[in-house]
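Below is final_26.pdb, holding PDB, C-alpha atoms.
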ATOM      1  CA  MET E 174     -54.958-110.938  31.318
ATOM      2  CA  THR E 175     -58.061-109.666  33.141
ATOM      3  CA  ARG E 176     -55.823-108.243  35.833
ATOM      4  CA  LEU E 177     -53.823-106.489  33.201
ATOM      5  CA  LEU E 178     -57.003-105.142  31.579
ATOM      6  CA  SER E 179     -58.227-103.813  34.896
ATOM      7  CA  LEU E 180     -55.186-101.532  34.919
ATOM      8  CA  VAL E 181     -56.284 -99.806  31.691
ATOM      9  CA  PRO E 182     -58.728 -97.292  33.269
ATOM     10  CA  LEU E 183     -56.153 -96.441  35.924
ATOM     11  CA  VAL E 184     -53.464 -95.728  33.375
ATOM     12  CA  ALA E 185     -55.959 -93.708  31.312
ATOM     13  CA  ALA E 186     -56.946 -91.687  34.397
ATOM     14  CA  LEU E 187     -53.292 -90.923  35.140
ATOM     15  CA  GLY E 188     -52.797 -89.789  31.586
ATOM     16  CA  PHE E 189     -55.686 -87.321  31.752
ATOM     17  CA  ALA E 190     -55.040 -86.099  35.276
ATOM     18  CA  VAL E 191     -54.137 -82.413  35.416
ATOM     19  CA  PRO E 192     -52.465 -80.748  38.379
ATOM     20  CA  VAL E 193     -55.175 -79.253  40.597
ATOM     21  CA  LEU E 194     -53.162 -76.155  41.379
ATOM     22  CA  ALA E 195     -49.988 -75.492  39.466
ATOM     23  CA  GLN E 196     -47.167 -74.583  41.826
ATOM     24  CA  GLU E 197     -45.622 -72.347  39.180
ATOM     25  CA  GLU E 198     -46.502 -70.384  36.101
ATOM     26  CA  GLN E 199     -44.638 -70.881  32.830
ATOM     27  CA  SER E 200     -42.247 -68.051  32.028
ATOM     28  CA  THR E 201     -43.740 -65.523  29.632
ATOM     29  CA  ALA E 202     -40.448 -63.673  29.145
ATOM     30  CA  PRO E 203     -39.918 -63.096  25.397
ATOM     31  CA  PHE E 204     -36.786 -65.201  24.914
ATOM     32  CA  ALA E 205     -37.382 -67.940  27.488
ATOM     33  CA  TYR E 206     -38.208 -70.494  24.794
ATOM     34  CA  ARG E 207     -37.219 -68.599  21.649
ATOM     35  CA  GLN E 208     -33.753 -68.548  20.177
ATOM     36  CA  LEU E 209     -32.092 -65.405  18.919
ATOM     37  CA  SER E 210     -32.336 -65.016  15.144
ATOM     38  CA  ASP E 211     -28.589 -64.433  14.785
ATOM     39  CA  PRO E 212     -26.923 -67.898  15.062
ATOM     40  CA  ALA E 213     -23.618 -66.455  16.292
ATOM     41  CA  GLN E 214     -25.358 -64.566  19.119
ATOM     42  CA  GLU E 215     -27.483 -67.593  19.995
ATOM     43  CA  ARG E 216     -24.316 -69.715  20.187
ATOM     44  CA  GLU E 217     -22.761 -67.179  22.531
ATOM     45  CA  ALA E 218     -25.917 -67.077  24.682
ATOM     46  CA  GLN E 219     -26.146 -70.887  24.745
ATOM     47  CA  ALA E 220     -22.527 -71.217  25.898
ATOM     48  CA  LEU E 221     -23.195 -68.786  28.751
ATOM     49  CA  MET E 222     -26.519 -70.384  29.719
ATOM     50  CA  GLU E 223     -24.854 -73.781  30.068
ATOM     51  CA  THR E 224     -22.580 -72.346  32.774
ATOM     52  CA  LEU E 225     -25.266 -70.604  34.849
ATOM     53  CA  ARG E 226     -27.072 -72.394  37.640
ATOM     54  CA  CYS E 227     -30.837 -72.541  37.823
ATOM     55  CA  LEU E 228     -31.732 -71.022  41.210
ATOM     56  CA  GLN E 229     -34.685 -73.322  41.757
ATOM     57  CA  CYS E 230     -33.498 -76.740  40.514
ATOM     58  CA  GLN E 231     -29.945 -76.241  41.614
ATOM     59  CA  GLY E 232     -28.286 -79.204  39.921
ATOM     60  CA  GLN E 233     -29.253 -77.954  36.466
ATOM     61  CA  SER E 234     -28.039 -75.176  34.253
ATOM     62  CA  ILE E 235     -30.584 -72.641  33.020
ATOM     63  CA  ALA E 236     -30.127 -74.108  29.529
ATOM     64  CA  ASP E 237     -31.370 -77.510  30.772
ATOM     65  CA  SER E 238     -34.006 -76.441  33.263
ATOM     66  CA  ASP E 239     -37.701 -75.982  32.619
ATOM     67  CA  ALA E 240     -38.312 -74.033  35.842
ATOM     68  CA  PRO E 241     -40.011 -70.664  35.231
ATOM     69  CA  ILE E 242     -37.172 -68.719  36.860
ATOM     70  CA  ALA E 243     -34.708 -70.446  34.499
ATOM     71  CA  GLY E 244     -36.895 -69.210  31.619
ATOM     72  CA  SER E 245     -36.635 -65.661  32.960
ATOM     73  CA  MET E 246     -32.856 -66.033  33.272
ATOM     74  CA  ARG E 247     -32.531 -67.384  29.701
ATOM     75  CA  SER E 248     -34.518 -64.461  28.396
ATOM     76  CA  LEU E 249     -32.335 -62.051  30.365
ATOM     77  CA  VAL E 250     -29.168 -63.633  28.937
ATOM     78  CA  ARG E 251     -30.459 -63.626  25.332
ATOM     79  CA  GLU E 252     -31.794 -60.053  25.489
ATOM     80  CA  ARG E 253     -28.513 -58.758  26.874
ATOM     81  CA  ILE E 254     -26.425 -60.686  24.327
ATOM     82  CA  ALA E 255     -28.680 -59.309  21.578
ATOM     83  CA  ALA E 256     -28.078 -55.822  22.980
ATOM     84  CA  GLY E 257     -24.341 -56.395  22.526
ATOM     85  CA  GLU E 258     -23.331 -57.073  26.144
ATOM     86  CA  GLU E 259     -20.312 -59.311  26.804
ATOM     87  CA  PRO E 260     -21.159 -62.770  28.284
ATOM     88  CA  GLU E 261     -18.753 -62.249  31.192
ATOM     89  CA  ALA E 262     -20.448 -58.937  32.044
ATOM     90  CA  ILE E 263     -23.802 -60.747  32.268
ATOM     91  CA  ARG E 264     -22.229 -63.429  34.474
ATOM     92  CA  GLY E 265     -20.816 -60.643  36.643
ATOM     93  CA  TRP E 266     -24.250 -58.994  36.920
ATOM     94  CA  LEU E 267     -25.739 -62.261  38.206
ATOM     95  CA  ILE E 268     -22.811 -62.963  40.583
ATOM     96  CA  GLU E 269     -23.303 -59.457  42.002
ATOM     97  CA  ARG E 270     -26.844 -60.496  42.977
ATOM     98  CA  TYR E 271     -26.605 -64.199  43.816
ATOM     99  CA  GLY E 272     -22.936 -64.755  44.640
ATOM    100  CA  ASP E 273     -20.481 -67.182  42.973
ATOM    101  CA  TYR E 274     -23.001 -69.992  43.468
ATOM    102  CA  VAL E 275     -24.980 -68.924  40.397
ATOM    103  CA  SER E 276     -22.027 -69.628  38.085
ATOM    104  CA  TYR E 277     -20.716 -73.071  37.198
ATOM    105  CA  ALA E 278     -17.491 -71.611  35.788
ATOM    106  CA  PRO E 279     -15.052 -71.647  38.726
ATOM    107  CA  GLN E 280     -13.540 -68.268  39.582
ATOM    108  CA  LEU E 281     -10.096 -67.906  41.120
ATOM    109  CA  THR E 282     -10.644 -66.009  44.382
ATOM    110  CA  THR E 283      -8.987 -65.767  47.786
ATOM    111  CA  LEU E 284     -11.377 -68.511  48.916
ATOM    112  CA  THR E 285     -10.995 -70.920  45.978
ATOM    113  CA  TRP E 286      -7.255 -70.753  45.220
ATOM    114  CA  PRO E 287      -6.415 -73.916  47.267
ATOM    115  CA  LEU E 288      -8.631 -75.921  44.888
ATOM    116  CA  PHE E 289      -6.316 -74.943  42.066
ATOM    117  CA  ALA E 290      -3.091 -75.151  44.091
ATOM    118  CA  VAL E 291      -3.602 -78.518  45.835
ATOM    119  CA  PRO E 292      -3.388 -80.701  42.679
ATOM    120  CA  LEU E 293      -0.134 -78.979  41.698
ATOM    121  CA  VAL E 294       1.257 -79.512  45.200
ATOM    122  CA  ILE E 295       0.278 -83.212  45.124
ATOM    123  CA  VAL E 296       1.912 -83.732  41.711
ATOM    124  CA  ALA E 297       5.067 -81.983  42.919
ATOM    125  CA  LEU E 298       5.099 -84.098  46.099
ATOM    126  CA  ALA E 299       4.620 -87.320  44.121
ATOM    127  CA  ALA E 300       7.466 -86.387  41.791
ATOM    128  CA  LEU E 301       9.695 -85.682  44.772
ATOM    129  CA  LEU E 302       8.865 -89.004  46.470
ATOM    130  CA  LEU E 303       9.120 -91.102  43.329
ATOM    131  CA  ARG E 304      12.327 -89.465  42.096
ATOM    132  CA  LYS E 305      14.526 -91.903  44.018
ATOM    133  CA  ARG E 306      12.673 -94.900  42.708
ATOM    134  CA  PHE E 307      12.986 -93.837  39.079
ATOM    135  CA  ARG E 308      16.673 -93.127  39.504
ATOM    136  CA  ARG E 309      17.286 -96.580  40.960
ATOM    137  CA  GLY E 310      15.501 -98.126  37.967
ATOM    138  CA  GLU E 311      17.910 -96.339  35.629
ATOM    139  CA  ALA E 312      20.964 -97.462  37.563
ATOM    140  CA  ARG E 313      20.149-101.155  37.258
TER     141      ARG E 313
ATOM    142  CA  MET Q 277      15.390-106.190  44.322
ATOM    143  CA  ASN Q 278      17.673-104.776  46.902
ATOM    144  CA  ALA Q 279      15.602-105.097  50.121
ATOM    145  CA  GLN Q 280      18.167-103.492  52.437
ATOM    146  CA  SER Q 281      18.200-100.126  50.679
ATOM    147  CA  ARG Q 282      14.453 -99.725  51.246
ATOM    148  CA  THR Q 283      13.449 -97.961  54.428
ATOM    149  CA  LYS Q 284      10.910-100.032  56.305
ATOM    150  CA  ALA Q 285       7.496 -98.417  56.921
ATOM    151  CA  PRO Q 286       6.403 -98.303  60.582
ATOM    152  CA  ALA Q 287       3.915-101.011  61.642
ATOM    153  CA  TRP Q 288       1.011 -98.605  62.113
ATOM    154  CA  ALA Q 289       1.224 -97.503  58.483
ATOM    155  CA  ILE Q 290      -0.791-100.550  57.437
ATOM    156  CA  TRP Q 291      -3.845 -98.985  59.126
ATOM    157  CA  LEU Q 292      -3.488 -95.707  57.273
ATOM    158  CA  PRO Q 293      -5.691 -96.611  54.249
ATOM    159  CA  LEU Q 294      -8.442 -97.887  56.570
ATOM    160  CA  VAL Q 295      -8.302 -94.713  58.679
ATOM    161  CA  LEU Q 296      -8.507 -92.564  55.539
ATOM    162  CA  PHE Q 297     -11.456 -94.626  54.288
ATOM    163  CA  VAL Q 298     -13.344 -94.389  57.602
ATOM    164  CA  GLY Q 299     -12.703 -90.641  57.628
ATOM    165  CA  PHE Q 300     -14.130 -90.369  54.125
ATOM    166  CA  VAL Q 301     -17.246 -92.390  55.066
ATOM    167  CA  ALA Q 302     -17.755 -90.170  58.138
ATOM    168  CA  LEU Q 303     -17.558 -87.062  55.941
ATOM    169  CA  VAL Q 304     -20.134 -88.450  53.487
ATOM    170  CA  THR Q 305     -22.452 -89.491  56.347
ATOM    171  CA  ILE Q 306     -22.341 -86.035  57.915
ATOM    172  CA  GLY Q 307     -23.057 -84.505  54.507
ATOM    173  CA  LEU Q 308     -25.999 -86.854  53.954
ATOM    174  CA  TYR Q 309     -27.665 -86.313  57.308
ATOM    175  CA  ARG Q 310     -27.006 -82.597  57.630
ATOM    176  CA  PRO Q 311     -27.365 -81.253  54.092
ATOM    177  CA  ALA Q 312     -26.204 -77.723  53.472
ATOM    178  CA  ASP Q 313     -28.712 -74.877  53.349
ATOM    179  CA  ARG Q 314     -29.830 -74.601  49.730
ATOM    180  CA  ALA Q 315     -31.414 -71.147  49.984
ATOM    181  CA  VAL Q 316     -29.672 -68.668  47.692
ATOM    182  CA  GLY Q 317     -29.615 -65.337  49.527
ATOM    183  CA  SER Q 318     -29.370 -62.030  47.718
ATOM    184  CA  THR Q 319     -25.912 -60.492  47.953
ATOM    185  CA  LEU Q 320     -27.551 -57.076  47.633
ATOM    186  CA  VAL Q 321     -28.412 -56.957  51.354
ATOM    187  CA  GLY Q 322     -26.765 -53.805  52.705
ATOM    188  CA  LYS Q 323     -26.677 -52.224  49.241
ATOM    189  CA  PRO Q 324     -29.097 -49.836  47.532
ATOM    190  CA  MET Q 325     -32.041 -51.450  45.833
ATOM    191  CA  PRO Q 326     -31.670 -51.427  42.018
ATOM    192  CA  ALA Q 327     -33.895 -48.927  40.235
ATOM    193  CA  PHE Q 328     -37.000 -50.331  38.546
ATOM    194  CA  VAL Q 329     -40.422 -49.335  37.274
ATOM    195  CA  LEU Q 330     -43.199 -51.939  37.235
ATOM    196  CA  PRO Q 331     -46.624 -51.468  35.635
ATOM    197  CA  ALA Q 332     -49.776 -51.875  37.712
ATOM    198  CA  ALA Q 333     -50.823 -55.479  38.278
ATOM    199  CA  LEU Q 334     -54.435 -54.433  38.974
ATOM    200  CA  PRO Q 335     -56.363 -51.713  37.147
ATOM    201  CA  ASP Q 336     -57.443 -49.931  40.345
ATOM    202  CA  ARG Q 337     -54.067 -49.804  42.052
ATOM    203  CA  PRO Q 338     -50.764 -48.091  41.210
ATOM    204  CA  GLY Q 339     -47.780 -50.087  40.002
ATOM    205  CA  LEU Q 340     -44.467 -50.012  41.822
ATOM    206  CA  ARG Q 341     -41.372 -47.893  41.214
ATOM    207  CA  SER Q 342     -38.208 -48.107  43.297
ATOM    208  CA  ALA Q 343     -38.625 -44.353  43.914
ATOM    209  CA  ASP Q 344     -41.943 -45.047  45.733
ATOM    210  CA  ILE Q 345     -40.078 -47.242  48.204
ATOM    211  CA  ALA Q 346     -37.171 -44.896  48.995
ATOM    212  CA  SER Q 347     -39.564 -42.333  50.462
ATOM    213  CA  GLY Q 348     -37.944 -41.720  53.845
ATOM    214  CA  LYS Q 349     -39.824 -44.469  55.690
ATOM    215  CA  PRO Q 350     -39.028 -48.205  55.832
ATOM    216  CA  HIS Q 351     -41.062 -50.525  53.615
ATOM    217  CA  LEU Q 352     -41.635 -54.226  53.261
ATOM    218  CA  VAL Q 353     -41.451 -55.407  49.660
ATOM    219  CA  ASN Q 354     -43.176 -58.748  49.288
ATOM    220  CA  ILE Q 355     -42.444 -60.839  46.189
ATOM    221  CA  PHE Q 356     -45.400 -63.144  45.692
ATOM    222  CA  ALA Q 357     -47.715 -64.767  43.172
ATOM    223  CA  SER Q 358     -51.271 -66.074  43.141
ATOM    224  CA  TRP Q 359     -50.010 -69.510  42.036
ATOM    225  CA  CYS Q 360     -47.639 -69.777  45.005
ATOM    226  CA  ILE Q 361     -48.925 -71.937  47.847
ATOM    227  CA  PRO Q 362     -46.601 -70.704  50.647
ATOM    228  CA  CYS Q 363     -47.817 -67.166  49.775
ATOM    229  CA  ARG Q 364     -51.253 -68.228  51.048
ATOM    230  CA  VAL Q 365     -49.621 -69.437  54.256
ATOM    231  CA  GLU Q 366     -47.954 -66.071  54.929
ATOM    232  CA  ALA Q 367     -50.992 -63.919  54.005
ATOM    233  CA  PRO Q 368     -52.393 -63.697  57.592
ATOM    234  CA  GLN Q 369     -48.974 -62.569  58.871
ATOM    235  CA  LEU Q 370     -48.724 -59.872  56.176
ATOM    236  CA  GLY Q 371     -52.249 -58.782  57.152
ATOM    237  CA  ALA Q 372     -51.167 -58.483  60.799
ATOM    238  CA  LEU Q 373     -48.098 -56.444  59.781
ATOM    239  CA  ALA Q 374     -50.262 -54.122  57.646
ATOM    240  CA  ARG Q 375     -52.638 -53.592  60.591
ATOM    241  CA  ALA Q 376     -49.605 -52.764  62.743
ATOM    242  CA  GLY Q 377     -48.964 -49.850  60.354
ATOM    243  CA  VAL Q 378     -46.238 -51.363  58.178
ATOM    244  CA  ALA Q 379     -46.130 -50.136  54.574
ATOM    245  CA  ILE Q 380     -46.220 -53.259  52.386
ATOM    246  CA  GLU Q 381     -45.591 -53.122  48.649
ATOM    247  CA  GLY Q 382     -46.153 -56.139  46.413
ATOM    248  CA  ILE Q 383     -44.342 -57.472  43.371
ATOM    249  CA  SER Q 384     -46.413 -60.184  41.695
ATOM    250  CA  VAL Q 385     -44.313 -62.507  39.571
ATOM    251  CA  ARG Q 386     -45.629 -64.160  36.373
ATOM    252  CA  ASP Q 387     -49.266 -63.536  37.244
ATOM    253  CA  SER Q 388     -52.533 -62.375  35.694
ATOM    254  CA  SER Q 389     -54.850 -59.711  37.139
ATOM    255  CA  GLU Q 390     -57.840 -62.146  37.313
ATOM    256  CA  ALA Q 391     -55.849 -64.742  39.265
ATOM    257  CA  LEU Q 392     -54.416 -61.980  41.444
ATOM    258  CA  ASN Q 393     -57.882 -60.577  42.236
ATOM    259  CA  GLY Q 394     -59.063 -64.031  43.270
ATOM    260  CA  PHE Q 395     -55.996 -64.524  45.447
ATOM    261  CA  LEU Q 396     -56.452 -61.177  47.233
ATOM    262  CA  LYS Q 397     -60.199 -61.786  47.821
ATOM    263  CA  GLU Q 398     -59.449 -65.168  49.298
ATOM    264  CA  ASN Q 399     -56.369 -64.355  51.381
ATOM    265  CA  GLY Q 400     -56.677 -60.662  52.262
ATOM    266  CA  ASP Q 401     -54.995 -57.668  50.727
ATOM    267  CA  PRO Q 402     -52.200 -55.946  52.675
ATOM    268  CA  TYR Q 403     -50.606 -54.160  49.686
ATOM    269  CA  GLN Q 404     -50.408 -50.414  49.060
ATOM    270  CA  ARG Q 405     -49.137 -50.884  45.522
ATOM    271  CA  ILE Q 406     -48.662 -53.991  43.386
ATOM    272  CA  GLY Q 407     -46.217 -54.074  40.494
ATOM    273  CA  ALA Q 408     -46.572 -56.734  37.799
ATOM    274  CA  ASP Q 409     -43.252 -58.475  37.109
ATOM    275  CA  ASP Q 410     -44.482 -60.566  34.205
ATOM    276  CA  ASP Q 411     -41.129 -61.702  32.853
ATOM    277  CA  GLY Q 412     -39.413 -61.991  36.238
ATOM    278  CA  LYS Q 413     -36.763 -59.345  35.427
ATOM    279  CA  VAL Q 414     -37.176 -57.279  38.584
ATOM    280  CA  GLN Q 415     -37.124 -60.452  40.664
ATOM    281  CA  LEU Q 416     -33.706 -61.241  39.164
ATOM    282  CA  ALA Q 417     -32.527 -57.644  39.562
ATOM    283  CA  LEU Q 418     -33.298 -57.858  43.298
ATOM    284  CA  GLY Q 419     -31.390 -61.121  43.673
ATOM    285  CA  SER Q 420     -34.523 -63.054  44.603
ATOM    286  CA  SER Q 421     -34.517 -66.756  43.768
ATOM    287  CA  GLY Q 422     -38.143 -67.669  44.409
ATOM    288  CA  VAL Q 423     -41.511 -66.768  45.895
ATOM    289  CA  PRO Q 424     -42.368 -65.765  48.513
ATOM    290  CA  GLU Q 425     -39.543 -63.493  49.550
ATOM    291  CA  THR Q 426     -39.778 -60.330  51.594
ATOM    292  CA  TYR Q 427     -37.299 -57.465  51.680
ATOM    293  CA  VAL Q 428     -36.974 -54.837  54.390
ATOM    294  CA  ILE Q 429     -35.990 -51.581  52.652
ATOM    295  CA  ASP Q 430     -35.054 -48.506  54.663
ATOM    296  CA  GLY Q 431     -36.126 -44.927  53.916
ATOM    297  CA  LYS Q 432     -33.072 -44.305  51.728
ATOM    298  CA  GLY Q 433     -33.814 -47.342  49.566
ATOM    299  CA  VAL Q 434     -31.109 -49.600  51.021
ATOM    300  CA  ILE Q 435     -31.967 -53.306  51.344
ATOM    301  CA  ARG Q 436     -31.599 -54.119  55.032
ATOM    302  CA  TYR Q 437     -32.918 -57.670  55.231
ATOM    303  CA  GLN Q 438     -34.165 -60.447  52.975
ATOM    304  CA  HIS Q 439     -36.592 -63.061  54.269
ATOM    305  CA  ILE Q 440     -36.598 -66.204  52.122
ATOM    306  CA  GLY Q 441     -39.752 -68.311  52.213
ATOM    307  CA  GLU Q 442     -43.062 -67.631  53.921
ATOM    308  CA  ILE Q 443     -43.326 -65.391  56.987
ATOM    309  CA  ARG Q 444     -44.627 -67.652  59.727
ATOM    310  CA  PRO Q 445     -46.311 -66.291  62.889
ATOM    311  CA  GLU Q 446     -43.080 -66.708  64.883
ATOM    312  CA  HIS Q 447     -41.236 -64.475  62.383
ATOM    313  CA  VAL Q 448     -43.483 -61.434  62.840
ATOM    314  CA  PRO Q 449     -41.704 -59.934  65.913
ATOM    315  CA  MET Q 450     -38.335 -60.367  64.132
ATOM    316  CA  ILE Q 451     -39.644 -58.597  61.003
ATOM    317  CA  LEU Q 452     -40.979 -55.726  63.159
ATOM    318  CA  GLU Q 453     -37.562 -55.501  64.845
ATOM    319  CA  LYS Q 454     -35.823 -55.342  61.441
ATOM    320  CA  LEU Q 455     -38.198 -52.554  60.395
ATOM    321  CA  ARG Q 456     -37.477 -50.670  63.633
ATOM    322  CA  GLU Q 457     -33.730 -50.989  62.992
ATOM    323  CA  ALA Q 458     -34.258 -49.783  59.423
ATOM    324  CA  SER Q 459     -36.100 -46.680  60.630
ATOM    325  CA  GLN Q 460     -33.150 -45.508  62.739
TER     326      GLN Q 460
END

Just give me the structure as C-alpha cells.
Amino acid sequence: MTRLLSLVPLVAALGFAVPVLAQEEQSTAPFAYRQLSDPAQEREAQALMETLRCLQCQGQSIADSDAPIAGSMRSLVRERIAAGEEPEAIRGWLIERYGDYVSYAPQLTTLTWPLFAVPLVIVALAALLLRKRFRRGEAR
Amino acid sequence: MNAQSRTKAPAWAIWLPLVLFVGFVALVTIGLYRPADRAVGSTLVGKPMPAFVLPAALPDRPGLRSADIASGKPHLVNIFASWCIPCRVEAPQLGALARAGVAIEGISVRDSSEALNGFLKENGDPYQRIGADDDGKVQLALGSSGVPETYVIDGKGVIRYQHIGEIRPEHVPMILEKLREASQ
C-alpha cells in the first residue's frame, strides 16, 4: 500500500507536465475544427476527407488526424466544397501537388492496372483448372 | 474415386508451398529492415510556382508574393516556423548561404510575430522577406508536406529543386550547385 501511495506524486507530476517546446502549432485555419453549416456540404466534405492521406501521420486520413497540416487540409477541403467545387476536383488539385500517394481512393493508371487485372486473371485461371473437376462430379 | 484418371503431381511439387512461404517471409523481412522512403516530394518540381500573396509576418519587413520571387534571379524559398526544431539546426547553413549572396525568402507556417522575432534573434536572420502562412494554404499550394523545406526557384519562377528536411552543412555545396544550374 505504501509503495502504491508513493506512486501518487509521480502520477500527479505526469498529469501536470507540459511539453517544454511544442514541436508543432495547432492549425488556425478557419475550418480545421469547425464543420460547415450546411449538413449536405459537410457530408460531402467528410466523405472526401476520409479518403485523403495526412501527409505527416501517413497511416491516417485527414479526417482522423490531429496533425496541424491535416487541419489545414481539412479547412482547404471544406472551404472549397463551400465554394461549390466538386470533391474530385479538390482531390485532383492535391494529386497534382503530392502525387497519387495523397489519395486513398485507388486510381486506375498505367502503373496500377495490374492490381485490378490480377484478381480477374486468377479467378479465370481457377475456373479453367477446376472445370474438369466439376464436370466429373456431375458425371458420377 | 477413380485414381487412374488423375494426373500425378511431380515429387518436387510438395515443396512448393514451403518455397512460397519462405519467399513471402523474405519479402516481409526486406520490407521491415529497409523501409521505404516516407518523404512526400512535391510533384511541382519542374513546373511554375503557383501564384500567391502572403502578408508580412513581421511589421518591419515586407511579406512575400510569388511575383517577388520570379524576378529574373534564382531564389531560395525556405518554409520554416519558430516552433520547428530542425529549423534551428539548419539556421547556420541558411546564414552561410545568405552571406554567399543567395537571395533567401521565408514562408513562416502557423506562427506568431513574437515567437518569430525570438527565433530570428536566437538563430540569425537570413531572410529578405517573410510571408506569414497562418492557415498553411500556401504550404499546401506548393506541395510541401512539412517544415523545414527549401525550394530552389529560378528567375522565371519555375521550381527547380525541393529540399525536404533541414539543410545540413554537407548539403550546402549541393544547394549552391542547384542555384547555379537555376541561373543558367

Closest to chain Q among E:Ala278, E:Ala240, E:Val291, E:Leu221, using only C-alpha atoms?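 Closest to chain Q of all the choices is E:Ala240.
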
Among listed residues Q:Leu416, Q:Val434, Q:Leu303, Q:Ala343, nearest chain E (using all atoms listed in the file):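 Result for the nearest residue to chain E: Q:Leu416.
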
Just the residues within 8 Å of segment 362-374 of chain Q, please, counting only C-alpha atoms, with nothing from its chain fewer than 4 positions along; format it as a list in words.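 Non-adjacent residues within range: Phe356, Ala357, Ser358, Val378, Ala379, Ile380, Asn399, Gly400, Asp401, Pro402, Tyr403, Val423, Pro424, Gly441, Glu442, Ile443, Arg444, Pro445, Val448 and Leu452 of chain Q.
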
Test item: residues at most 10 Å from Gly431 of chain Q, all atoms listed in the file, excluding those fewer than 3 positions along its chain, as a list in words: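 Counting only the stated atoms, we get Ile345, Ala346, Ser347, Gly348, Lys349, Pro350, His351, Val428, Val434, Ile435, Ala458, Ser459 and Gln460 of chain Q.
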
Take atom CA of Ile383 of chain Q and atom CA of Gly422 of chain Q and report the distance between them in Å, one decimal. 12.0 Å

Among the residues Q:Asp430, Q:Asp409, Q:Glu398, Q:Glu446, the one that comes closest to Val329 of chain Q [using only C-alpha atoms]: Q:Asp409

Please identify every residue of chain E that has at least one atom no more than 12 Å from any atom of chain Q, counting only C-alpha atoms, and report them as an MDAnalysis selection string. chainID E and resid 193:205 226:232 240:250 252:253 263 266:275 305:306 309:310 313

Output C-alpha atoms for every residue in that selection, as a short mmCIF file (atom, residue, chain, number, x, y, z; two decimals), in the coordinates of the input.
data_model
loop_
_atom_site.label_atom_id
_atom_site.label_comp_id
_atom_site.auth_asym_id
_atom_site.auth_seq_id
_atom_site.Cartn_x
_atom_site.Cartn_y
_atom_site.Cartn_z
CA VAL E 193 -55.18 -79.25 40.60
CA LEU E 194 -53.16 -76.16 41.38
CA ALA E 195 -49.99 -75.49 39.47
CA GLN E 196 -47.17 -74.58 41.83
CA GLU E 197 -45.62 -72.35 39.18
CA GLU E 198 -46.50 -70.38 36.10
CA GLN E 199 -44.64 -70.88 32.83
CA SER E 200 -42.25 -68.05 32.03
CA THR E 201 -43.74 -65.52 29.63
CA ALA E 202 -40.45 -63.67 29.14
CA PRO E 203 -39.92 -63.10 25.40
CA PHE E 204 -36.79 -65.20 24.91
CA ALA E 205 -37.38 -67.94 27.49
CA ARG E 226 -27.07 -72.39 37.64
CA CYS E 227 -30.84 -72.54 37.82
CA LEU E 228 -31.73 -71.02 41.21
CA GLN E 229 -34.68 -73.32 41.76
CA CYS E 230 -33.50 -76.74 40.51
CA GLN E 231 -29.94 -76.24 41.61
CA GLY E 232 -28.29 -79.20 39.92
CA ALA E 240 -38.31 -74.03 35.84
CA PRO E 241 -40.01 -70.66 35.23
CA ILE E 242 -37.17 -68.72 36.86
CA ALA E 243 -34.71 -70.45 34.50
CA GLY E 244 -36.90 -69.21 31.62
CA SER E 245 -36.64 -65.66 32.96
CA MET E 246 -32.86 -66.03 33.27
CA ARG E 247 -32.53 -67.38 29.70
CA SER E 248 -34.52 -64.46 28.40
CA LEU E 249 -32.34 -62.05 30.36
CA VAL E 250 -29.17 -63.63 28.94
CA GLU E 252 -31.79 -60.05 25.49
CA ARG E 253 -28.51 -58.76 26.87
CA ILE E 263 -23.80 -60.75 32.27
CA TRP E 266 -24.25 -58.99 36.92
CA LEU E 267 -25.74 -62.26 38.21
CA ILE E 268 -22.81 -62.96 40.58
CA GLU E 269 -23.30 -59.46 42.00
CA ARG E 270 -26.84 -60.50 42.98
CA TYR E 271 -26.60 -64.20 43.82
CA GLY E 272 -22.94 -64.76 44.64
CA ASP E 273 -20.48 -67.18 42.97
CA TYR E 274 -23.00 -69.99 43.47
CA VAL E 275 -24.98 -68.92 40.40
CA LYS E 305 14.53 -91.90 44.02
CA ARG E 306 12.67 -94.90 42.71
CA ARG E 309 17.29 -96.58 40.96
CA GLY E 310 15.50 -98.13 37.97
CA ARG E 313 20.15 -101.16 37.26
#

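Here atom CA of Ser234 of chain E is placed at a distance of 12.7 Å from atom CA of Ala218 of chain E.
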
Please list as number ranges by chain every residue within 9 Å of Glu217 of chain E, counting all atoms listed in the file and excluding residues in the same chain fewer than 5 positions away. E: 212, 222, 251, 254, 260

Quick check, in Å to one decimal: how far apart do atom CA of Ala290 of chain E and atom CA of Ser276 of chain E lie?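 Between these atoms lies a distance of 20.6 Å.
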
When you look at Thr426 of chain Q with a cut-off of 6 Å (counting only C-alpha atoms), what residues show up, excluding the ones that are within fewer than 5 positions of it in the same chain? I need them as a PDB file with C-alpha atoms, in the coordinates of the input.
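So around34.pdb came out as:
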ATOM      1  CA  VAL Q 353     -41.451 -55.407  49.660  1.00  0.00           C
ATOM      2  CA  ASN Q 354     -43.176 -58.748  49.288  1.00  0.00           C
ATOM      3  CA  GLN Q 438     -34.165 -60.447  52.975  1.00  0.00           C
ATOM      4  CA  HIS Q 439     -36.592 -63.061  54.269  1.00  0.00           C
TER       5      HIS Q 439
END

Provide an axis-aligned box for all listed atoms of segment 365-382 of chain Q, padding each side by 8 Å; report its centre and its edge lengths in Å to one decimal, as lines of an AutoDock Vina configuration file.
center_x = -49.1
center_y = -59.6
center_z = 54.6
size_x = 23.0
size_y = 35.6
size_z = 32.3
